[in-house]
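K.L.:
The following file, upload.json, comprises JSON, C-alpha atoms:
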```
[["chain", "number", "residue", "atom", "x", "y", "z"],
["A", 58, "MET", "CA", 4.03, 42.13, -106.56],
["A", 59, "SER", "CA", 5.61, 41.17, -103.25],
["A", 60, "ASP", "CA", 9.14, 39.86, -102.86],
["A", 61, "THR", "CA", 7.78, 36.34, -102.28],
["A", 62, "SER", "CA", 5.63, 36.20, -105.43],
["A", 63, "LYS", "CA", 6.90, 34.53, -108.54],
["A", 64, "SER", "CA", 6.75, 35.93, -112.03],
["A", 65, "ALA", "CA", 4.70, 34.11, -114.66],
["A", 66, "ARG", "CA", 7.95, 32.94, -116.28],
["A", 67, "GLU", "CA", 9.18, 31.43, -113.00],
["A", 68, "MET", "CA", 5.84, 29.67, -112.47],
["A", 69, "ASP", "CA", 5.94, 28.25, -116.02],
["A", 70, "HIS", "CA", 9.52, 27.09, -115.40],
["A", 71, "ASP", "CA", 8.47, 25.39, -112.15],
["A", 72, "LYS", "CA", 5.56, 23.62, -113.89],
["A", 73, "VAL", "CA", 7.88, 22.22, -116.57],
["A", 74, "LEU", "CA", 10.30, 20.89, -113.96],
["A", 75, "GLU", "CA", 7.48, 19.50, -111.80],
["A", 76, "GLN", "CA", 6.03, 17.67, -114.80],
["A", 77, "ALA", "CA", 9.45, 16.29, -115.73],
["A", 78, "ALA", "CA", 9.89, 15.01, -112.17],
["A", 79, "ALA", "CA", 6.44, 13.39, -112.22],
["A", 80, "TRP", "CA", 7.21, 11.66, -115.51],
["A", 81, "MET", "CA", 10.47, 10.33, -114.10],
["A", 82, "LYS", "CA", 8.68, 9.11, -110.97],
["A", 83, "ASP", "CA", 6.30, 7.22, -113.28],
["A", 84, "GLY", "CA", 9.30, 5.49, -114.90],
["A", 85, "HIS", "CA", 9.74, 7.59, -118.04],
["A", 86, "LYS", "CA", 13.02, 8.84, -119.43],
["A", 87, "VAL", "CA", 13.10, 12.63, -119.72],
["A", 88, "ALA", "CA", 15.21, 15.26, -121.46],
["A", 89, "LEU", "CA", 15.19, 19.01, -120.92],
["A", 90, "ALA", "CA", 15.76, 21.74, -123.47],
["A", 91, "THR", "CA", 16.67, 25.18, -122.14],
["A", 92, "VAL", "CA", 17.09, 28.49, -123.97],
["A", 93, "ILE", "CA", 20.58, 29.58, -122.91],
["A", 94, "GLU", "CA", 21.15, 32.59, -125.14],
["A", 95, "THR", "CA", 19.16, 34.88, -127.45],
["A", 96, "TRP", "CA", 19.97, 37.64, -129.94],
["A", 97, "GLY", "CA", 17.58, 40.04, -131.61],
["A", 98, "SER", "CA", 13.92, 39.11, -131.88],
["A", 99, "ALA", "CA", 13.81, 35.77, -130.08],
["A", 100, "PRO", "CA", 10.52, 33.94, -129.54],
["A", 101, "ARG", "CA", 11.18, 32.97, -125.88],
["A", 102, "PRO", "CA", 13.49, 34.43, -123.21],
["A", 103, "VAL", "CA", 16.63, 32.85, -121.74],
["A", 104, "GLY", "CA", 15.65, 30.22, -119.19],
["A", 105, "SER", "CA", 12.56, 29.01, -121.07],
["A", 106, "GLN", "CA", 12.32, 25.23, -120.94],
["A", 107, "LEU", "CA", 10.78, 22.28, -122.70],
["A", 108, "ALA", "CA", 10.58, 18.86, -121.01],
["A", 109, "ILE", "CA", 10.42, 15.88, -123.35],
["A", 110, "ARG", "CA", 9.24, 12.41, -122.33],
["A", 111, "ASP", "CA", 10.41, 9.17, -123.97],
["A", 112, "ASP", "CA", 7.12, 8.81, -125.90],
["A", 113, "ALA", "CA", 7.54, 12.30, -127.47],
["A", 114, "THR", "CA", 5.06, 13.95, -125.10],
["A", 115, "PHE", "CA", 6.34, 17.37, -124.12],
["A", 116, "THR", "CA", 5.47, 20.40, -122.03],
["A", 117, "GLY", "CA", 6.76, 23.96, -121.99],
["A", 118, "SER", "CA", 8.25, 25.90, -124.87],
["A", 119, "VAL", "CA", 11.61, 27.10, -126.13],
["A", 120, "SER", "CA", 10.30, 28.93, -129.17],
["A", 121, "GLY", "CA", 6.58, 29.40, -129.10],
["A", 122, "GLY", "CA", 6.26, 26.40, -131.42],
["A", 123, "CYS", "CA", 8.56, 27.17, -134.34],
["A", 124, "ILE", "CA", 11.45, 24.81, -133.49],
["A", 125, "GLU", "CA", 9.88, 22.46, -130.95],
["A", 126, "GLY", "CA", 9.66, 19.58, -133.46],
["A", 127, "ASP", "CA", 13.39, 19.64, -134.12],
["A", 128, "VAL", "CA", 14.21, 20.02, -130.41],
["A", 129, "VAL", "CA", 11.94, 17.07, -129.47],
["A", 130, "THR", "CA", 13.58, 14.86, -132.12],
["A", 131, "ARG", "CA", 17.06, 15.74, -130.88],
["A", 132, "ALA", "CA", 16.00, 15.22, -127.24],
["A", 133, "LEU", "CA", 14.60, 11.76, -127.95],
["A", 134, "ASP", "CA", 17.96, 10.80, -129.48],
["A", 135, "LYS", "CA", 19.64, 11.70, -126.18],
["A", 136, "LEU", "CA", 17.53, 9.45, -123.96],
["A", 137, "ASP", "CA", 19.50, 6.26, -124.60],
["A", 138, "GLY", "CA", 22.96, 7.28, -123.53],
["A", 139, "GLY", "CA", 23.28, 10.59, -125.35],
["A", 140, "THR", "CA", 25.08, 13.60, -124.00],
["A", 141, "ALA", "CA", 24.05, 17.24, -123.84],
["A", 142, "GLU", "CA", 24.33, 19.37, -126.95],
["A", 143, "ILE", "CA", 23.88, 23.04, -127.73],
["A", 144, "VAL", "CA", 21.99, 23.88, -130.90],
["A", 145, "GLU", "CA", 21.73, 27.32, -132.46],
["A", 146, "TYR", "CA", 18.76, 28.40, -134.55],
["A", 147, "GLY", "CA", 18.69, 31.68, -136.45],
["A", 148, "VAL", "CA", 17.13, 33.42, -139.39],
["A", 149, "SER", "CA", 20.35, 33.21, -141.42],
["A", 150, "ASP", "CA", 20.61, 29.47, -140.83],
["A", 151, "ALA", "CA", 18.97, 27.32, -143.53],
["A", 152, "ARG", "CA", 18.02, 24.81, -140.83],
["A", 153, "ALA", "CA", 16.13, 27.55, -138.98],
["A", 154, "TRP", "CA", 13.96, 28.19, -142.02],
["A", 155, "GLU", "CA", 13.31, 24.44, -142.35],
["A", 156, "VAL", "CA", 12.06, 24.22, -138.76],
["A", 157, "GLY", "CA", 10.25, 27.57, -138.87],
["A", 158, "LEU", "CA", 12.37, 30.08, -136.93],
["A", 159, "ALA", "CA", 11.91, 33.11, -139.11],
["A", 160, "CYS", "CA", 11.44, 35.76, -136.40],
["A", 161, "GLY", "CA", 14.66, 37.55, -137.28],
["A", 162, "GLY", "CA", 16.56, 36.54, -134.16],
["A", 163, "ARG", "CA", 18.73, 33.68, -133.03],
["A", 164, "ILE", "CA", 18.52, 31.36, -130.05],
["A", 165, "ARG", "CA", 20.83, 28.78, -128.52],
["A", 166, "VAL", "CA", 19.19, 25.81, -126.84],
["A", 167, "MET", "CA", 20.87, 23.23, -124.63],
["A", 168, "ILE", "CA", 19.29, 19.79, -124.93],
["A", 169, "GLU", "CA", 20.19, 17.25, -122.27],
["A", 170, "PRO", "CA", 19.00, 13.96, -120.81],
["A", 171, "VAL", "CA", 17.98, 14.27, -117.19],
["A", 172, "GLU", "CA", 20.14, 12.31, -114.74],
["A", 173, "GLY", "CA", 18.37, 9.58, -112.82],
["A", 174, "ASN", "CA", 16.25, 8.45, -115.76],
["A", 175, "ALA", "CA", 14.71, 5.02, -115.32]]
```
As structure tokens, what does this structure read like?

P.N.:
Amino acid sequence: MSDTSKSAREMDHDKVLEQAAAWMKDGHKVALATVIETWGSAPRPVGSQLAIRDDATFTGSVSGGCIEGDVVTRALDKLDGGTAEIVEYGVSDARAWEVGLACGGRIRVMIEPVEGNA
């Protein structure tokens, strides 16, 4: 791979941000969820993102599917004047089992409304 090529993870990241920008251009409110820290066997690496639109449409992934539902719900709550929050999911956390994170690791996800929302 040359110095100018992007890794698959960087391309996925770019697609999530491009889609979020397109949704905002179309007048939707958008929130972003970003994996900011992992420990042990985590489903997605640091930097993985999920963009959430005001009608609950989303793109990307922060967990390969096991906590997306909870993250989307929290993100939607942020779209009308909410502030960023950091949520931790882990195998020892009862909430993690409820939402399906049973991979043996832990992840921290920052969920934030995107500035400039319509």

K.L.:
Between A:Val73, A:Val128, A:Leu107, A:Ala90, which one has atoms that come closest to Glu169 of chain A, using only C-alpha atoms?

P.N.:
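Closest to Glu169 of chain A, using only C-alpha atoms: A:Ala90.
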
K.L.:
Expressed in Å to a single decimal, how great is the separation between atom CA of Thr116 of chain A and atom CA of Trp96 of chain A?

P.N.:
23.9 Å

K.L.:
Name all residues at most 9 Å from Ala132 of chain A (count only C-alpha atoms; drop same-chain ones fewer than 5 positions away) and give them as a list in words.

P.N.:
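Surrounding residues, per the criterion: Val87, Ala88, Leu89, Ala90, Ile109, Arg110, Asp111, Ala113, Asp127, Gly139, Ala141, Ile168, Glu169 and Pro170 of chain A.
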
K.L.:
For a cut-off of 6 Å around (15.8, 38.1, -132.0), file coordinates, pick out all residues using only C-alpha atoms and list them as a list in words.

P.N.:
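Within 6 Å of (15.8, 38.1, -132.0), the protein and nucleic acid residues are Trp96, Gly97, Ser98, Ala99, Gly161, Gly162 and Arg163 of chain A.
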
K.L.:
Save the residues we just selected, C-alpha atoms, as a short mmCIF file (atom, residue, chain, number, x, y, z; two decimals), in the frame of the given file?

P.N.:
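After the write, again05.cif holds the following:
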```
data_model
loop_
_atom_site.label_atom_id
_atom_site.label_comp_id
_atom_site.auth_asym_id
_atom_site.auth_seq_id
_atom_site.Cartn_x
_atom_site.Cartn_y
_atom_site.Cartn_z
CA TRP A 96 19.97 37.64 -129.94
CA GLY A 97 17.58 40.04 -131.61
CA SER A 98 13.92 39.11 -131.88
CA ALA A 99 13.81 35.77 -130.08
CA GLY A 161 14.66 37.55 -137.28
CA GLY A 162 16.56 36.54 -134.16
CA ARG A 163 18.73 33.68 -133.03
#
```

K.L.:
Leaving out Glu75 of chain A and any residue of its chain fewer than 3 positions from it, which residues lie within 12 Å of it when counting only C-alpha atoms, given as a list in words?

P.N.:
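With the cut-off at 12 Å, the set is Met68, Asp69, His70, Asp71, Lys72, Ala78, Ala79, Trp80, Met81, Lys82, Val87, Leu89, Gln106, Leu107, Ala108, Thr116 and Gly117 of chain A.
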
K.L.:
With only C-alpha atoms as the atoms that count, which of A:Leu136, A:Val171, A:Ile164, A:Ile93 lies nearest to Cys123 of chain A?

P.N.:
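Nearest to Cys123 of chain A: A:Ile164.
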